[in-house]
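As stored in run-v8.txt (compact mmCIF, C-alpha atoms):
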```txt
# COMPACT_ATOMS: atom_id res chain seq x y z
CA MET A 5 38.56 18.53 12.72
CA LYS A 6 36.07 20.85 11.11
CA VAL A 7 34.40 19.81 7.87
CA ASN A 8 33.57 22.40 5.22
CA TYR A 9 30.19 21.20 4.00
CA GLN A 10 29.81 24.02 1.47
CA GLU A 11 32.72 22.71 -0.60
CA ARG A 12 31.71 19.05 -0.34
CA ILE A 13 28.18 19.60 -1.65
CA GLY A 14 28.45 19.68 -5.44
CA ASP A 15 25.06 21.19 -6.27
CA THR A 16 24.47 24.92 -6.15
CA VAL A 17 22.12 26.64 -3.72
CA THR A 18 19.61 27.49 -6.47
CA GLU A 19 19.59 23.89 -7.76
CA LEU A 20 18.96 22.58 -4.26
CA LYS A 21 16.14 25.10 -3.77
CA ILE A 22 14.48 24.01 -7.03
CA ILE A 23 14.90 20.31 -6.18
CA MET A 24 13.50 20.93 -2.70
CA SER A 25 10.36 22.53 -4.13
CA GLN A 26 9.85 19.57 -6.50
CA GLN A 27 9.83 16.93 -3.75
CA ARG A 28 6.52 15.28 -3.02
CA THR A 29 7.34 13.51 0.24
CA ILE A 30 8.20 15.22 3.48
CA THR A 31 11.22 13.02 4.13
CA ASN A 32 12.79 13.84 0.77
CA ARG A 33 12.06 17.52 1.29
CA GLN A 34 13.80 17.37 4.69
CA LYS A 35 16.82 15.66 3.13
CA VAL A 36 17.25 18.33 0.46
CA GLN A 37 16.51 21.08 2.97
CA ALA A 38 19.35 19.85 5.19
CA LEU A 39 21.73 19.95 2.22
CA TYR A 40 20.43 23.39 1.25
CA LEU A 41 21.06 24.78 4.73
CA LEU A 42 24.55 23.29 4.83
CA LYS A 43 25.40 24.60 1.35
CA SER A 44 24.01 28.09 1.90
CA GLY A 45 26.21 28.62 4.94
CA LEU A 46 23.43 30.20 6.95
CA ASN A 47 23.79 27.45 9.53
CA PRO A 48 27.24 25.92 9.34
CA SER A 49 26.82 23.52 12.28
CA ILE A 50 25.11 20.16 12.01
CA THR A 51 23.17 20.65 15.25
CA ASP A 52 21.63 23.92 14.01
CA VAL A 53 20.60 22.30 10.74
CA ALA A 54 19.15 19.31 12.61
CA GLU A 55 17.06 21.61 14.81
CA LEU A 56 15.72 23.54 11.84
CA VAL A 57 14.87 20.43 9.83
CA GLY A 58 13.42 18.65 12.86
CA VAL A 59 15.64 15.58 12.98
CA HIS A 60 18.53 14.36 15.10
CA ARG A 61 22.05 15.54 14.29
CA ILE A 62 23.12 11.94 13.58
CA THR A 63 20.41 11.80 10.92
CA VAL A 64 21.85 14.87 9.22
CA LEU A 65 25.31 13.29 9.28
CA ARG A 66 23.89 10.08 7.79
CA LEU A 67 22.13 12.07 5.05
CA PHE A 68 25.34 13.92 4.22
CA LYS A 69 27.23 10.60 4.08
CA GLN A 70 24.62 9.16 1.68
CA TYR A 71 24.89 12.27 -0.48
CA SER A 72 28.69 12.15 -0.60
CA GLU A 73 28.67 8.43 -1.52
CA GLY A 74 25.97 8.45 -4.20
CA GLY A 75 24.75 11.97 -4.86
CA LEU A 76 21.17 13.19 -4.87
CA SER A 77 19.85 10.14 -6.69
CA LEU A 78 20.89 7.82 -3.86
CA LEU A 79 19.74 10.26 -1.21
CA LEU A 80 16.26 10.69 -2.67
CA LYS A 81 15.70 7.02 -3.45
CA LEU A 82 12.79 5.71 -1.40
CA GLY A 83 13.13 2.12 -0.25
CA GLN A 84 10.33 -0.36 -0.62
CA SER A 85 8.93 -1.47 2.69
CA THR A 86 8.88 -5.20 3.13
CA GLY A 87 5.83 -6.76 4.60
CA ARG A 88 4.26 -10.05 5.28
CA PRO A 89 3.06 -11.75 2.09
CA ARG A 90 -0.65 -12.26 1.63
CA ALA A 91 -2.17 -15.49 2.87
CA ILE A 92 -3.97 -16.01 -0.45
CA SER A 93 -1.79 -16.00 -3.54
CA SER A 94 -2.74 -14.09 -6.68
CA GLU A 95 -3.28 -17.38 -8.52
CA ILE A 96 -5.95 -18.42 -6.02
CA ILE A 97 -7.58 -14.98 -6.16
CA ALA A 98 -7.75 -15.17 -9.96
CA GLY A 99 -9.33 -18.65 -9.76
CA ILE A 100 -11.92 -17.51 -7.24
CA SER A 101 -12.83 -14.41 -9.25
CA THR A 102 -13.34 -16.39 -12.46
CA LYS A 103 -15.45 -18.93 -10.59
CA ILE A 104 -17.60 -16.26 -8.92
CA ASN A 105 -18.12 -14.28 -12.15
CA GLU A 106 -19.43 -17.32 -14.06
CA GLU A 107 -23.14 -17.41 -14.82
CA SER A 108 -23.59 -20.72 -13.04
CA CYS A 109 -21.84 -19.80 -9.79
CA GLU A 110 -22.20 -22.81 -7.53
CA PHE A 111 -21.02 -21.13 -4.34
CA LYS A 112 -23.79 -20.52 -1.84
CA SER A 113 -21.54 -19.77 1.15
CA TYR A 114 -18.00 -18.81 1.98
CA LYS A 115 -17.46 -22.22 3.59
CA GLU A 116 -18.03 -23.79 0.17
CA ILE A 117 -15.36 -21.49 -1.27
CA VAL A 118 -12.95 -22.52 1.52
CA ARG A 119 -13.55 -26.20 0.65
CA TRP A 120 -13.13 -25.48 -3.08
CA VAL A 121 -9.79 -23.73 -2.46
CA GLU A 122 -8.57 -26.65 -0.33
CA GLU A 123 -9.59 -29.17 -2.99
CA ASN A 124 -8.19 -27.34 -6.03
CA TYR A 125 -5.12 -25.60 -4.60
CA GLN A 126 -4.30 -27.75 -1.54
CA VAL A 127 -4.04 -24.61 0.60
CA SER A 128 -5.75 -24.17 3.93
CA VAL A 129 -7.26 -20.69 4.19
CA LYS A 130 -9.16 -19.29 7.15
CA TYR A 131 -12.79 -18.36 6.67
CA GLN A 132 -12.21 -14.78 7.86
CA THR A 133 -9.30 -14.26 5.47
CA LEU A 134 -11.28 -15.55 2.52
CA HIS A 135 -14.36 -13.51 3.45
CA LYS A 136 -12.32 -10.31 3.74
CA GLN A 137 -10.61 -10.99 0.40
CA ILE A 138 -13.82 -11.69 -1.51
CA ARG A 139 -16.20 -9.24 0.14
CA TYR A 140 -14.01 -6.19 0.70
CA ARG A 141 -10.98 -6.41 -1.61
CA MET A 142 -12.67 -8.01 -4.63
CA LYS A 143 -15.97 -6.19 -3.88
CA ALA A 144 -17.93 -9.35 -4.74
CA LYS A 145 -21.08 -10.68 -3.13
CA LEU A 146 -22.39 -14.20 -3.18
CA LYS A 147 -25.73 -14.13 -4.96
CA VAL A 148 -27.98 -16.65 -3.25
CA PRO A 149 -31.67 -16.77 -4.16
CA ARG A 150 -34.22 -16.52 -1.39
CA ARG A 151 -36.07 -19.62 -0.33
CA LEU A 152 -39.56 -20.11 -1.73
CA SER A 153 -42.47 -21.49 0.21
CA ASN A 154 -43.92 -24.85 -0.82
CA LYS A 155 -47.45 -23.49 -0.30
CA LYS A 156 -46.98 -20.63 -2.75
CA ALA A 157 -49.13 -20.92 -5.84
CA PRO A 158 -47.42 -19.64 -9.05
CA ALA A 159 -50.73 -18.49 -10.53
CA ALA A 160 -51.44 -16.35 -7.45
CA ALA A 161 -48.01 -14.69 -7.77
CA ILE A 162 -48.67 -13.78 -11.41
CA GLU A 163 -52.10 -12.41 -10.49
CA PHE A 164 -50.58 -10.39 -7.66
CA LYS A 165 -47.98 -8.80 -10.00
CA LYS A 166 -50.73 -7.65 -12.39
CA ASN A 167 -52.47 -5.60 -9.71
```
What do you get writing this file as structure tokens?
Amino acid sequence: MKVNYQERIGDTVTELKIIMSQQRTITNRQKVQALYLLKSGLNPSITDVAELVGVHRITVLRLFKQYSEGGLSLLLKLGQSTGRPRAISSEIIAGISTKINEESCEFKSYKEIVRWVEENYQVSVKYQTLHKQIRYRMKAKLKVPRRLSNKKAPAAAIEFKKN
């Protein structure tokens, strides 16, 4: 049984060409290009279209099935990739950022922040995870003053700054 793809594709060749040029992702461009090649009749077989587009022939059949079921809107819809949720919730991140941005920031180390999170949010967070979140994602640094010597005379420091 031979399928006439030119009749089953509702959009015209010029519409498909315009839509193909408007696509920003390569996958969407390949999808519309496969429909364009089928509609134009230059390559009536699925295997020829698959070779030109650079995908498997089953992929072209799946794309055509998606198009026939839902049209171009369903075909060009990009799915959201699911991933593992972050170890630190956004509520904890907001709490940490407000605490770090205060004038009287009491945190002198990341271990103190880990203890604070465990006390206030009852969540156990690894040191490395917390350090990466604060240092690299939030772009925050812990401001810890340098230690001062007991032997240092304040008058000598003032005199030294004058010279």
Legend entry - region 9-18 of chain A surroundings by all atoms listed in the file, 7 Å radius, close-in-sequence under 2 positions cut, as a ChimeraX atom specification: /A:7,20-22,40,42-45
Inset, instruction - Counting only C-alpha atoms, figure out which residue out of A:Glu116, A:Glu73, A:Glu122, A:Asp52 gets nearest to Ile96 (chain A). - result: A:Glu122
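By chain and then residue number, the residues within 7 Å of region 61-68 of chain A are Lys35, Ala38, Ile50, Thr51, Ala54, Ser72 and Leu79 of chain A, counting all atoms listed in the file and disregarding those fewer than 4 positions away in sequence.
Here the question is which of A:Ile162, A:Ile138, A:Leu39, A:Val118 gets nearest to Leu76 (chain A) using all atoms listed in the file, and that residue is A:Leu39.
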Can you sort out the box for region 110-119 of chain A, edges along x, y and z, all listed atoms in, 5 Å on every side, with centre and edge lengths in Å to one decimal, as lines of an AutoDock Vina configuration file?
```
center_x = -18.4
center_y = -22.5
center_z = -2.0
size_x = 20.8
size_y = 17.4
size_z = 21.1
```
Inset, instruction - Calculate how many Å separate CA of Ile92 (chain A) from CA of Phe111 (chain A), rounding to one decimal. - result: 18.2 Å
Inset, instruction - Report the distance between CA of Arg151 (chain A) and CA of Ile104 (chain A) in Å, rounded to one decimal place. - result: 20.6 Å
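The space separating CA of Val121 (chain A) from CA of Gly99 (chain A) comes to 8.9 Å.
Of the listed residues (A:Ser25, A:Ser108, A:Ser153, A:Ser93), A:Ser93 comes nearest to Val127 (chain A); the distances count all atoms listed in the file.
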Legend entry - Shell of 10 Å around Leu82 (chain A), all atoms listed in the file, local chain residues under 6 positions omitted, as an MDAnalysis selection string: chainID A and resid 29 31:32
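Restricting the calculation to all atoms listed in the file, the smallest distance between Asn105 (chain A) and any of A:Val129, A:Leu146, A:Ala157, A:Leu134 is found for A:Leu146.
The closest residue to Cys109 (chain A), picked from A:Lys145, A:Glu123, A:Gln37, A:Gln27 and counting all atoms listed in the file, is A:Lys145.
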